[in-house]
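*Asks:* Supplied in structure tokens, the structure appears directly below.
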Amino acid sequence: MGQKRTNVSLRHQMTSSLRGRQLTVQPASTRKALQFKLVLLGREQVGKSSLVVRYVLDQFTDDLQSTIGAAFQSQTVCLDSALVKFEIWDTAGQEKYHCLTPMYYRGAQAAIIVYDITDEESFSRAKVWVTELKKQVNTAVVIALTGNKTDLHLQRRVPCEEAKTYAKENRLMFFETSAKTGNNVEEVFLTLAKKLAENSEGTIVEARAETIRIDHPPEAENTRKACCV
């Protein structure tokens, strides 16, 4: 669900997560460094913020409230041939903030459009986002249509095959995930990183992670130089 973090400790954890994960990668000097803007779009309560928290922290919490405006998080993915830094914009899903959303997805190279597999209306709204994004950004934007909450499969209202067919017809990546269990979450971000890195060139100065509450000034700048996938 599109949510904001409700305590300081969680925001600090976002900058120091995954320290225990060990990854063998090539020396940084042999890999190109790329940076991409990634935006999460979708109706409120579909789990956008929970997907980001699961990916960055490998955690799930029910103590999240709806995002106001947008939340920003950066995360670096270490691929064999590149360091891919995502600037992740988690947008509010409430209709009253819709007019603000173009400000956050403008210039995005990638998007994760999220719907709730137990909510048909959220899938319909996801289709609207696909159309709007392609029209307002550019047709080259890489989009991952993502059905969240597979842990609630007994309450499913959006058939997997229907969503998969729509994604294929519109040349979208397609995933089903569970932010609660972590199922398939990492694959969404990793696959996007690989796709974006295939034929891209760019530079970044530093691989670091940070969280900014758009509706509240950041308390302090935190950095993390470790890479993760």
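Labeling convention for the structure tokens: chains A, B, ... as they appear, residues from 1 per chain, ligands from 1 in order of appearance.
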Applying 8 Å and only C-alpha atoms, which residues near A:Gln109 remain after dropping the ones on its own chain fewer than 5 positions away? List them as an MDAnalysis selection string.
*Replies:* chainID A and resid 36:38 140:142
*Asks:* Export, as an mmCIF file, in the first residue's frame, the selected residues with N, CA and C atoms.
*Replies:*
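File part-v1.cif, as written:
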```cif
data_model
loop_
_atom_site.group_PDB
_atom_site.id
_atom_site.type_symbol
_atom_site.label_atom_id
_atom_site.label_comp_id
_atom_site.auth_asym_id
_atom_site.auth_seq_id
_atom_site.Cartn_x
_atom_site.Cartn_y
_atom_site.Cartn_z
ATOM 1 N N PHE A 36 19.145 5.510 -12.586
ATOM 2 C CA PHE A 36 17.828 5.565 -13.208
ATOM 3 C C PHE A 36 16.780 6.008 -12.187
ATOM 4 N N LYS A 37 15.819 6.754 -12.674
ATOM 5 C CA LYS A 37 14.690 7.162 -11.843
ATOM 6 C C LYS A 37 13.595 6.113 -11.979
ATOM 7 N N LEU A 38 13.165 5.585 -10.846
ATOM 8 C CA LEU A 38 12.140 4.545 -10.794
ATOM 9 C C LEU A 38 10.976 5.042 -9.955
ATOM 10 N N ALA A 140 9.360 4.742 -24.270
ATOM 11 C CA ALA A 140 10.501 3.873 -23.976
ATOM 12 C C ALA A 140 10.610 3.520 -22.496
ATOM 13 N N VAL A 141 9.773 4.109 -21.658
ATOM 14 C CA VAL A 141 9.850 3.832 -20.229
ATOM 15 C C VAL A 141 9.614 2.337 -19.992
ATOM 16 N N VAL A 142 10.423 1.736 -19.137
ATOM 17 C CA VAL A 142 10.299 0.307 -18.821
ATOM 18 C C VAL A 142 9.305 0.156 -17.675
#
```
*Asks:* Residues near A:Lys164, anyone? I mean within 12 Å using only C-alpha atoms, not counting same-chain ones fewer than 2 positions away, as JSON, numbers by chain.
*Replies:* {"A": [123, 144, 145, 146, 147, 158, 159, 160, 161, 162, 166, 167, 168, 169, 170, 171, 172, 173, 174, 175, 176]}
*Asks:* Would you mind exporting N, CA and C atoms of the selected residues as a PDB file, in the first residue's frame?
*Replies:*
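Dumped to again.pdb:
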```pdb
ATOM      1  N   PHE A 123      -6.773  -2.986 -10.298  1.00  0.00           N
ATOM      2  CA  PHE A 123      -6.232  -3.425 -11.586  1.00  0.00           C
ATOM      3  C   PHE A 123      -6.680  -2.488 -12.701  1.00  0.00           C
ATOM      4  N   ALA A 144       6.959  -2.333 -15.163  1.00  0.00           N
ATOM      5  CA  ALA A 144       6.701  -3.645 -14.575  1.00  0.00           C
ATOM      6  C   ALA A 144       5.322  -3.616 -13.925  1.00  0.00           C
ATOM      7  N   LEU A 145       4.359  -4.283 -14.537  1.00  0.00           N
ATOM      8  CA  LEU A 145       3.033  -4.417 -13.946  1.00  0.00           C
ATOM      9  C   LEU A 145       3.125  -5.474 -12.855  1.00  0.00           C
ATOM     10  N   THR A 146       2.735  -5.102 -11.646  1.00  0.00           N
ATOM     11  CA  THR A 146       2.981  -5.972 -10.492  1.00  0.00           C
ATOM     12  C   THR A 146       1.722  -6.184  -9.668  1.00  0.00           C
ATOM     13  N   GLY A 147       1.257  -7.423  -9.628  1.00  0.00           N
ATOM     14  CA  GLY A 147       0.111  -7.782  -8.799  1.00  0.00           C
ATOM     15  C   GLY A 147       0.607  -8.196  -7.425  1.00  0.00           C
ATOM     16  N   VAL A 158      -8.410 -10.817  -9.336  1.00  0.00           N
ATOM     17  CA  VAL A 158      -7.799 -10.515 -10.638  1.00  0.00           C
ATOM     18  C   VAL A 158      -7.047 -11.759 -11.104  1.00  0.00           C
ATOM     19  N   PRO A 159      -7.572 -12.478 -12.097  1.00  0.00           N
ATOM     20  CA  PRO A 159      -6.902 -13.692 -12.580  1.00  0.00           C
ATOM     21  C   PRO A 159      -5.501 -13.391 -13.094  1.00  0.00           C
ATOM     22  N   CYS A 160      -4.579 -14.239 -12.752  1.00  0.00           N
ATOM     23  CA  CYS A 160      -3.195 -14.055 -13.179  1.00  0.00           C
ATOM     24  C   CYS A 160      -3.090 -14.017 -14.699  1.00  0.00           C
ATOM     25  N   GLU A 161      -3.780 -14.908 -15.377  1.00  0.00           N
ATOM     26  CA  GLU A 161      -3.697 -14.983 -16.836  1.00  0.00           C
ATOM     27  C   GLU A 161      -4.235 -13.722 -17.497  1.00  0.00           C
ATOM     28  N   GLU A 162      -5.269 -13.132 -16.911  1.00  0.00           N
ATOM     29  CA  GLU A 162      -5.825 -11.892 -17.466  1.00  0.00           C
ATOM     30  C   GLU A 162      -4.798 -10.768 -17.396  1.00  0.00           C
ATOM     31  N   TYR A 166      -2.734  -8.917 -20.531  1.00  0.00           N
ATOM     32  CA  TYR A 166      -2.723  -7.456 -20.689  1.00  0.00           C
ATOM     33  C   TYR A 166      -1.292  -6.941 -20.762  1.00  0.00           C
ATOM     34  N   ALA A 167      -0.435  -7.460 -19.893  1.00  0.00           N
ATOM     35  CA  ALA A 167       0.965  -7.027 -19.872  1.00  0.00           C
ATOM     36  C   ALA A 167       1.655  -7.360 -21.196  1.00  0.00           C
ATOM     37  N   LYS A 168       1.407  -8.540 -21.714  1.00  0.00           N
ATOM     38  CA  LYS A 168       2.026  -8.953 -22.979  1.00  0.00           C
ATOM     39  C   LYS A 168       1.559  -8.068 -24.123  1.00  0.00           C
ATOM     40  N   GLU A 169       0.258  -7.768 -24.161  1.00  0.00           N
ATOM     41  CA  GLU A 169      -0.301  -6.938 -25.230  1.00  0.00           C
ATOM     42  C   GLU A 169       0.264  -5.526 -25.204  1.00  0.00           C
ATOM     43  N   ASN A 170       0.644  -5.068 -24.021  1.00  0.00           N
ATOM     44  CA  ASN A 170       1.144  -3.702 -23.875  1.00  0.00           C
ATOM     45  C   ASN A 170       2.652  -3.639 -23.668  1.00  0.00           C
ATOM     46  N   ARG A 171       3.316  -4.768 -23.884  1.00  0.00           N
ATOM     47  CA  ARG A 171       4.777  -4.855 -23.794  1.00  0.00           C
ATOM     48  C   ARG A 171       5.298  -4.424 -22.420  1.00  0.00           C
ATOM     49  N   LEU A 172       4.667  -4.961 -21.405  1.00  0.00           N
ATOM     50  CA  LEU A 172       5.068  -4.680 -20.032  1.00  0.00           C
ATOM     51  C   LEU A 172       5.711  -5.919 -19.430  1.00  0.00           C
ATOM     52  N   MET A 173       6.604  -5.716 -18.490  1.00  0.00           N
ATOM     53  CA  MET A 173       7.044  -6.829 -17.658  1.00  0.00           C
ATOM     54  C   MET A 173       5.884  -7.176 -16.726  1.00  0.00           C
ATOM     55  N   PHE A 174       5.814  -8.417 -16.304  1.00  0.00           N
ATOM     56  CA  PHE A 174       4.719  -8.806 -15.406  1.00  0.00           C
ATOM     57  C   PHE A 174       5.244  -9.651 -14.257  1.00  0.00           C
ATOM     58  N   PHE A 175       4.787  -9.295 -13.057  1.00  0.00           N
ATOM     59  CA  PHE A 175       5.162 -10.035 -11.850  1.00  0.00           C
ATOM     60  C   PHE A 175       3.956 -10.115 -10.921  1.00  0.00           C
ATOM     61  N   GLU A 176       3.940 -11.159 -10.112  1.00  0.00           N
ATOM     62  CA  GLU A 176       3.039 -11.202  -8.962  1.00  0.00           C
ATOM     63  C   GLU A 176       3.918 -11.351  -7.732  1.00  0.00           C
TER      64      GLU A 176
END
```
*Asks:* Could you pull out the strand (DSSP E or B) residues of stretch 122-214 of chain A, going by DSSP on the backbone, and write them as a PyMOL selection string?
*Replies:* chain A and resi 142-148+173-176+211-213
*Asks:* Could you write out that same residue set with C-alpha atoms as a short mmCIF file (atom, residue, chain, number, x, y, z; two decimals), in the first residue's frame?
*Replies:*
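The resulting part-v6.cif:
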```
data_model
loop_
_atom_site.label_atom_id
_atom_site.label_comp_id
_atom_site.auth_asym_id
_atom_site.auth_seq_id
_atom_site.Cartn_x
_atom_site.Cartn_y
_atom_site.Cartn_z
CA VAL A 142 10.30 0.31 -18.82
CA ILE A 143 7.16 -0.71 -16.93
CA ALA A 144 6.70 -3.64 -14.58
CA LEU A 145 3.03 -4.42 -13.95
CA THR A 146 2.98 -5.97 -10.49
CA GLY A 147 0.11 -7.78 -8.80
CA ASN A 148 0.76 -7.66 -5.06
CA MET A 173 7.04 -6.83 -17.66
CA PHE A 174 4.72 -8.81 -15.41
CA PHE A 175 5.16 -10.03 -11.85
CA GLU A 176 3.04 -11.20 -8.96
CA THR A 211 15.15 8.18 2.60
CA ILE A 212 13.41 11.52 2.33
CA ARG A 213 9.91 12.30 3.54
#
```
*Asks:* Using only C-alpha atoms, which residues sit within 10 Å of A:Glu120 once same-chain residues fewer than 4 positions away are excluded, as an MDAnalysis selection string?
*Replies:* chainID A and resid 115:116 124:126 156:159
*Asks:* Please, could you write that set of residues out with N, CA and C atoms as a JSON list (two decimals), in the first residue's frame?
*Replies:*
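File written: result05.json
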```json
[["chain", "number", "residue", "atom", "x", "y", "z"],
["A", 115, "TYR", "N", -0.90, -3.25, -8.42],
["A", 115, "TYR", "CA", -2.31, -3.45, -8.11],
["A", 115, "TYR", "C", -2.42, -4.57, -7.08],
["A", 116, "ASP", "N", -3.57, -4.67, -6.47],
["A", 116, "ASP", "CA", -3.86, -5.67, -5.45],
["A", 116, "ASP", "C", -4.65, -6.79, -6.12],
["A", 124, "SER", "N", -7.94, -2.07, -12.65],
["A", 124, "SER", "CA", -8.44, -1.10, -13.63],
["A", 124, "SER", "C", -7.66, 0.20, -13.53],
["A", 125, "ARG", "N", -7.37, 0.61, -12.31],
["A", 125, "ARG", "CA", -6.61, 1.85, -12.11],
["A", 125, "ARG", "C", -5.18, 1.69, -12.62],
["A", 126, "ALA", "N", -4.62, 0.51, -12.47],
["A", 126, "ALA", "CA", -3.27, 0.26, -12.97],
["A", 126, "ALA", "C", -3.21, 0.45, -14.48],
["A", 156, "ARG", "N", -8.36, -13.91, -4.24],
["A", 156, "ARG", "CA", -8.01, -13.35, -5.54],
["A", 156, "ARG", "C", -9.26, -12.95, -6.34],
["A", 157, "ARG", "N", -9.18, -11.75, -6.95],
["A", 157, "ARG", "CA", -10.25, -11.27, -7.82],
["A", 157, "ARG", "C", -9.73, -10.92, -9.21],
["A", 158, "VAL", "N", -8.41, -10.82, -9.34],
["A", 158, "VAL", "CA", -7.80, -10.51, -10.64],
["A", 158, "VAL", "C", -7.05, -11.76, -11.10],
["A", 159, "PRO", "N", -7.57, -12.48, -12.10],
["A", 159, "PRO", "CA", -6.90, -13.69, -12.58],
["A", 159, "PRO", "C", -5.50, -13.39, -13.09]]
```
